[in-house]
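To be precise, the following lines are upload.cif, and they hold mmCIF, C-alpha atoms.
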```
data_start
#
loop_
_atom_site.label_atom_id
_atom_site.label_comp_id
_atom_site.auth_asym_id
_atom_site.auth_seq_id
_atom_site.Cartn_x
_atom_site.Cartn_y
_atom_site.Cartn_z
CA PRO K 402 67.65 83.21 273.26
CA ASP K 403 66.22 86.69 273.84
CA ASP K 404 65.58 87.19 270.10
CA HIS K 405 63.44 84.07 269.75
CA PRO K 406 59.92 85.07 268.60
CA ASP K 407 58.26 82.96 271.30
CA ARG K 408 60.44 84.05 274.22
CA GLY K 409 58.10 86.84 275.33
CA GLY K 410 55.16 84.44 275.43
CA TYR K 411 57.11 81.90 277.48
CA LEU K 412 58.19 84.56 279.98
CA GLN K 413 54.63 85.83 280.23
CA ASP K 414 53.33 82.30 280.87
CA LEU K 415 56.02 81.84 283.51
CA GLY K 416 54.99 85.07 285.21
CA VAL K 417 51.32 84.06 285.28
CA THR K 418 52.20 80.62 286.66
CA LEU K 419 54.34 82.14 289.40
CA TRP K 420 51.57 84.62 290.23
CA THR K 421 49.08 81.75 290.52
CA ARG K 422 51.40 79.86 292.86
CA PHE K 423 51.90 83.01 294.93
CA LYS K 424 48.12 83.38 295.33
CA HIS K 425 47.86 79.82 296.60
CA ALA K 426 51.04 79.54 298.69
CA GLY K 427 51.70 83.16 299.65
CA GLN K 428 55.45 82.88 299.07
CA LEU K 429 56.77 86.35 298.25
CA GLU K 430 59.63 84.81 296.26
CA ASP K 431 57.11 83.70 293.62
CA LEU K 432 55.77 87.23 293.31
CA GLU K 433 59.32 88.58 293.04
CA GLU K 434 60.07 86.17 290.19
CA ALA K 435 56.78 86.96 288.45
CA ILE K 436 57.70 90.66 288.51
CA ALA K 437 61.14 89.89 287.10
CA SER K 438 59.60 87.81 284.30
CA TYR K 439 57.20 90.56 283.28
CA ARG K 440 59.97 93.16 283.30
CA ARG K 441 61.88 90.98 280.84
CA VAL K 442 58.79 90.55 278.65
CA ILE K 443 58.31 94.32 278.40
CA LYS K 444 61.83 94.72 277.06
CA ILE K 445 61.19 92.10 274.38
CA VAL K 446 57.76 93.30 273.17
CA SER K 447 58.51 97.02 273.23
CA ASP K 448 57.55 97.44 269.55
CA ASP K 449 54.04 95.97 269.95
CA HIS K 450 52.07 98.67 271.75
CA LEU K 451 48.97 96.74 272.80
CA LYS K 452 51.00 93.74 273.93
CA THR K 453 53.28 96.10 275.83
CA ALA K 454 50.24 97.68 277.49
CA TYR K 455 48.94 94.26 278.54
CA CYS K 456 52.28 93.35 280.11
CA LEU K 457 52.65 96.75 281.78
CA GLN K 458 49.21 96.37 283.31
CA GLY K 459 50.19 92.95 284.66
CA LEU K 460 53.45 94.33 286.03
CA GLY K 461 51.59 97.19 287.67
CA TYR K 462 49.20 94.76 289.31
CA PHE K 463 52.02 92.55 290.58
CA LEU K 464 53.87 95.57 291.99
CA SER K 465 50.72 96.88 293.66
CA THR K 466 50.26 93.48 295.26
CA ARG K 467 53.83 93.47 296.54
CA PHE K 468 53.28 96.96 297.94
CA ARG K 469 50.27 95.69 299.90
CA HIS K 470 52.43 92.95 301.37
CA THR K 471 55.61 94.91 302.07
CA GLY K 472 54.51 98.55 302.35
CA ARG K 473 57.46 99.60 300.21
CA LEU K 474 56.54 102.87 298.51
CA GLU K 475 58.98 102.17 295.65
CA ASP K 476 56.73 99.32 294.50
CA LEU K 477 53.68 101.57 294.44
CA GLU K 478 55.62 104.25 292.55
CA GLU K 479 56.77 101.77 289.93
CA ALA K 480 53.22 100.40 289.66
CA ILE K 481 51.93 103.93 289.01
CA ALA K 482 54.61 104.51 286.37
CA SER K 483 53.59 101.26 284.63
CA LYS K 484 49.89 102.14 284.75
CA ARG K 485 50.57 105.62 283.35
CA ARG K 486 52.33 104.03 280.39
CA VAL K 487 49.33 101.75 279.83
CA VAL K 488 46.95 104.72 279.80
CA ASN K 489 49.18 106.52 277.30
CA ILE K 490 49.37 103.50 274.98
CA VAL K 491 45.76 102.30 274.92
CA PRO K 492 43.38 104.42 272.79
CA ASP K 493 40.12 105.79 274.23
CA ASP K 494 38.00 103.55 272.00
CA HIS K 495 39.57 100.38 273.41
CA PRO K 496 37.07 98.45 275.58
CA ASP K 497 39.57 98.19 278.47
CA LYS K 498 40.64 101.85 278.54
CA ALA K 499 38.23 102.86 281.33
CA ASP K 500 39.47 99.98 283.52
CA HIS K 501 43.08 101.06 282.95
CA LEU K 502 42.20 104.64 283.94
CA GLN K 503 40.44 103.44 287.07
CA ASN K 504 43.39 101.25 288.06
CA LEU K 505 45.70 104.24 287.74
CA GLY K 506 43.34 106.41 289.75
CA ILE K 507 43.10 103.89 292.58
CA SER K 508 46.89 103.57 292.82
CA LEU K 509 47.29 107.35 292.86
CA ARG K 510 44.72 107.65 295.63
CA THR K 511 46.59 104.96 297.57
CA ARG K 512 49.84 106.91 297.24
CA PHE K 513 48.04 110.06 298.35
CA GLY K 514 47.03 108.18 301.49
CA CYS K 515 50.70 107.38 302.12
CA THR K 516 52.29 110.73 301.29
CA GLY K 517 49.52 113.33 301.55
CA GLN K 518 50.59 114.87 298.23
CA LEU K 519 47.46 116.52 296.87
CA GLU K 520 48.85 116.29 293.32
CA ASP K 521 48.29 112.53 293.43
CA LEU K 522 44.65 112.98 294.37
CA GLU K 523 44.19 115.61 291.66
CA GLU K 524 45.63 113.21 289.09
CA ALA K 525 43.44 110.39 290.42
CA ILE K 526 40.37 112.58 289.95
CA ALA K 527 41.45 113.53 286.42
CA SER K 528 42.00 109.88 285.56
CA GLN K 529 38.63 108.90 286.97
CA ARG K 530 36.87 111.75 285.13
CA HIS K 531 38.44 110.47 281.93
CA ALA K 532 37.13 106.97 282.67
CA VAL K 533 33.61 108.30 283.24
CA SER K 534 33.74 110.30 280.01
CA ILE K 535 34.41 107.24 277.84
CA VAL K 536 32.08 104.73 279.52
CA PRO K 537 28.71 104.60 277.73
CA ASP K 538 25.61 105.50 279.76
CA THR K 539 24.33 101.93 279.39
CA HIS K 540 27.58 100.23 280.47
CA LEU K 541 27.40 98.08 283.59
CA ASP K 542 30.56 99.70 285.01
CA ARG K 543 29.33 103.29 284.69
CA ALA K 544 27.83 103.39 288.19
CA SER K 545 31.04 102.13 289.83
CA CYS K 546 33.10 104.64 287.80
CA LEU K 547 30.90 107.46 289.08
CA GLN K 548 31.01 106.20 292.65
CA ASN K 549 34.81 106.04 292.59
CA LEU K 550 34.89 109.61 291.31
CA ALA K 551 32.55 110.64 294.13
CA VAL K 552 34.79 108.97 296.72
CA PHE K 553 37.87 110.71 295.31
CA PHE K 554 36.16 114.11 295.57
CA ALA K 555 34.96 113.33 299.09
CA THR K 556 38.54 112.43 300.05
CA LYS K 557 39.72 115.71 298.60
CA PHE K 558 37.07 117.60 300.57
CA GLU K 559 38.31 115.99 303.78
CA HIS K 560 41.72 117.55 303.14
CA THR K 561 40.75 120.90 301.57
CA ALA K 562 37.40 121.65 303.27
CA ARG K 563 36.32 123.20 299.95
CA LEU K 564 32.57 122.85 299.53
CA GLU K 565 33.05 122.68 295.76
CA ASP K 566 34.75 119.31 296.19
CA LEU K 567 31.89 118.00 298.33
CA GLU K 568 29.38 119.26 295.78
CA GLU K 569 31.26 117.39 293.05
CA ALA K 570 31.15 114.25 295.22
CA ILE K 571 27.39 114.62 295.69
CA ALA K 572 26.77 115.22 291.98
CA SER K 573 28.81 112.16 290.99
CA GLN K 574 27.11 110.00 293.61
CA ARG K 575 23.68 111.12 292.41
CA HIS K 576 24.62 110.07 288.88
CA ALA K 577 25.90 106.75 290.23
CA VAL K 578 22.59 106.13 292.01
CA ASP K 579 20.65 107.02 288.87
CA ALA K 580 22.75 104.61 286.82
CA LEU K 581 21.60 101.64 288.92
CA ALA K 582 18.23 99.93 288.63
CA ASP K 583 16.13 99.91 291.81
CA ASP K 584 16.56 96.15 292.16
CA HIS K 585 20.35 96.26 291.83
CA PRO K 586 22.09 94.72 294.88
CA ASN K 587 24.33 97.81 295.29
CA LYS K 588 21.51 100.37 295.12
CA ALA K 589 21.07 100.60 298.89
CA SER K 590 24.77 101.15 299.60
CA TYR K 591 24.99 103.80 296.87
CA LEU K 592 22.02 105.61 298.42
CA GLN K 593 23.65 105.37 301.84
CA ASN K 594 26.82 107.00 300.47
CA LEU K 595 24.76 109.78 298.92
CA GLY K 596 22.98 110.31 302.22
CA ALA K 597 26.30 110.51 304.07
CA PHE K 598 27.63 113.15 301.64
CA LEU K 599 24.43 115.19 301.95
CA TRP K 600 24.58 114.99 305.75
CA THR K 601 28.16 116.27 305.66
CA GLN K 602 27.05 119.14 303.44
CA PHE K 603 24.22 119.96 305.86
CA GLU K 604 26.70 120.06 308.75
CA HIS K 605 28.72 122.68 306.85
CA THR K 606 25.93 124.74 305.30
CA GLY K 607 22.93 124.25 307.59
CA ARG K 608 20.68 123.95 304.55
CA VAL K 609 17.53 122.09 305.53
CA GLU K 610 17.04 120.75 301.99
CA ASP K 611 20.32 118.82 302.30
CA LEU K 612 19.12 117.24 305.52
CA GLY K 613 15.78 116.41 303.98
CA GLU K 614 17.35 114.67 301.00
CA ALA K 615 19.81 112.82 303.23
CA ILE K 616 16.94 111.42 305.29
#
```

The structure in this file should be written as structure tokens.
Amino acid sequence: PDDHPDRGGYLQDLGVTLWTRFKHAGQLEDLEEAIASYRRVIKIVSDDHLKTAYCLQGLGYFLSTRFRHTGRLEDLEEAIASKRRVVNIVPDDHPDKADHLQNLGISLRTRFGCTGQLEDLEEAIASQRHAVSIVPDTHLDRASCLQNLAVFFATKFEHTARLEDLEEAIASQRHAVDALADDHPNKASYLQNLGAFLWTQFEHTGRVEDLGEAI
């Protein structure tokens, strides 16, 4: 019965099993059933905030996956709604909070790509800024957080042509480069991105120092 104390756990296990089978077999019916199972779990565990957040994050991931397979915007919108709830539930001092913020930001940027609504990109930037603000300087994910923020600002610049947005992208990318050791496997690609942003700034400002740094 729905009021059994173990029912939520069984439904969650069912959802994970169906998700695993979907990954191996690619049958969309399995993903549909996994989504349905997680929706039922969320109704059962609504009083346990952290458990609710965990289930909402899983539901958001499943819905985002279905969106990638079907292109149905309703799935992406529901995924965003689930990820917003996760961000609101999980406190800033939780070790997974930055990841939750980044997941929300990525989904918002994806929706911006579909609809062109600048509000989504603004919210994605705010979410990513929040993630950067709570990730310690020594954390391994700090560089990727900063790079994502840089990419979001660069995307915004492409649509607004505001140099302030490009400058924010360059500043974030510089910080991302600085956060990586010279022998890190991603160092070269981060430097390439910084060079590309600086070249774009040179094309708009004609400042020789931007060209020099890009080279």

Identify all residues satisfying the PyMOL selection byres ((chain K and resi 559) around 12) in the given file; provide them as a PyMOL selection string.
-> chain K and resi 514+517+519+522+552-558+560-567+570+598+601-602

For the structure provided, state which residues fall under the PyMOL selection byres ((chain K and resi 432) around 8), and present them as JSON, numbers by chain.
-> {"K": [419, 420, 423, 428, 429, 430, 431, 433, 434, 435, 436, 463, 467]}

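Atom pair atom CA of Ala582 of chain K / atom CA of Asn549 of chain K has a distance of 18.1 Å (rounded to one decimal).
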
Atomic distance atom CA of Lys498 of chain K - atom CA of Ala532 of chain K, expressed in Å with one decimal =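 Those two atoms sit 7.5 Å apart.
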
Between atom CA of Leu457 of chain K and atom CA of Gln503 of chain K - distance in Å to one decimal =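 One can read the atom CA of Gln503 of chain K to atom CA of Leu457 of chain K distance as 14.9 Å.
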
Could you tell me which of K:Leu581, K:Cys515, K:Leu502, K:Ile571 comes closest to Leu599 of chain K if we count all atoms listed in the file?
->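 Going through K:Leu581, K:Cys515, K:Leu502, K:Ile571 one by one, the smallest distance to Leu599 of chain K is for K:Ile571.
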
Determine, counting only C-alpha atoms, which protein, DNA and RNA residues have an atom within 12 Å of an atom of Thr466 of chain K; residues of the same chain fewer than 2 positions away are not included. Present the result as a PyMOL selection string.
-> chain K and resi 420+423-424+427+429+432-433+435-436+459-464+468-474+476-477+479-480+508

Dump C-alpha atoms for the selected residues as a tab-separated table (two decimals), keeping the file's coordinate frame?
```
chain	number	residue	atom	x	y	z
K	420	TRP	CA	51.57	84.62	290.23
K	423	PHE	CA	51.90	83.01	294.93
K	424	LYS	CA	48.12	83.38	295.33
K	427	GLY	CA	51.70	83.16	299.65
K	429	LEU	CA	56.77	86.35	298.25
K	432	LEU	CA	55.77	87.23	293.31
K	433	GLU	CA	59.32	88.58	293.04
K	435	ALA	CA	56.78	86.96	288.45
K	436	ILE	CA	57.70	90.66	288.51
K	459	GLY	CA	50.19	92.95	284.66
K	460	LEU	CA	53.45	94.33	286.03
K	461	GLY	CA	51.59	97.19	287.67
K	462	TYR	CA	49.20	94.76	289.31
K	463	PHE	CA	52.02	92.55	290.58
K	464	LEU	CA	53.87	95.57	291.99
K	468	PHE	CA	53.28	96.96	297.94
K	469	ARG	CA	50.27	95.69	299.90
K	470	HIS	CA	52.43	92.95	301.37
K	471	THR	CA	55.61	94.91	302.07
K	472	GLY	CA	54.51	98.55	302.35
K	473	ARG	CA	57.46	99.60	300.21
K	474	LEU	CA	56.54	102.87	298.51
K	476	ASP	CA	56.73	99.32	294.50
K	477	LEU	CA	53.68	101.57	294.44
K	479	GLU	CA	56.77	101.77	289.93
K	480	ALA	CA	53.22	100.40	289.66
K	508	SER	CA	46.89	103.57	292.82
```
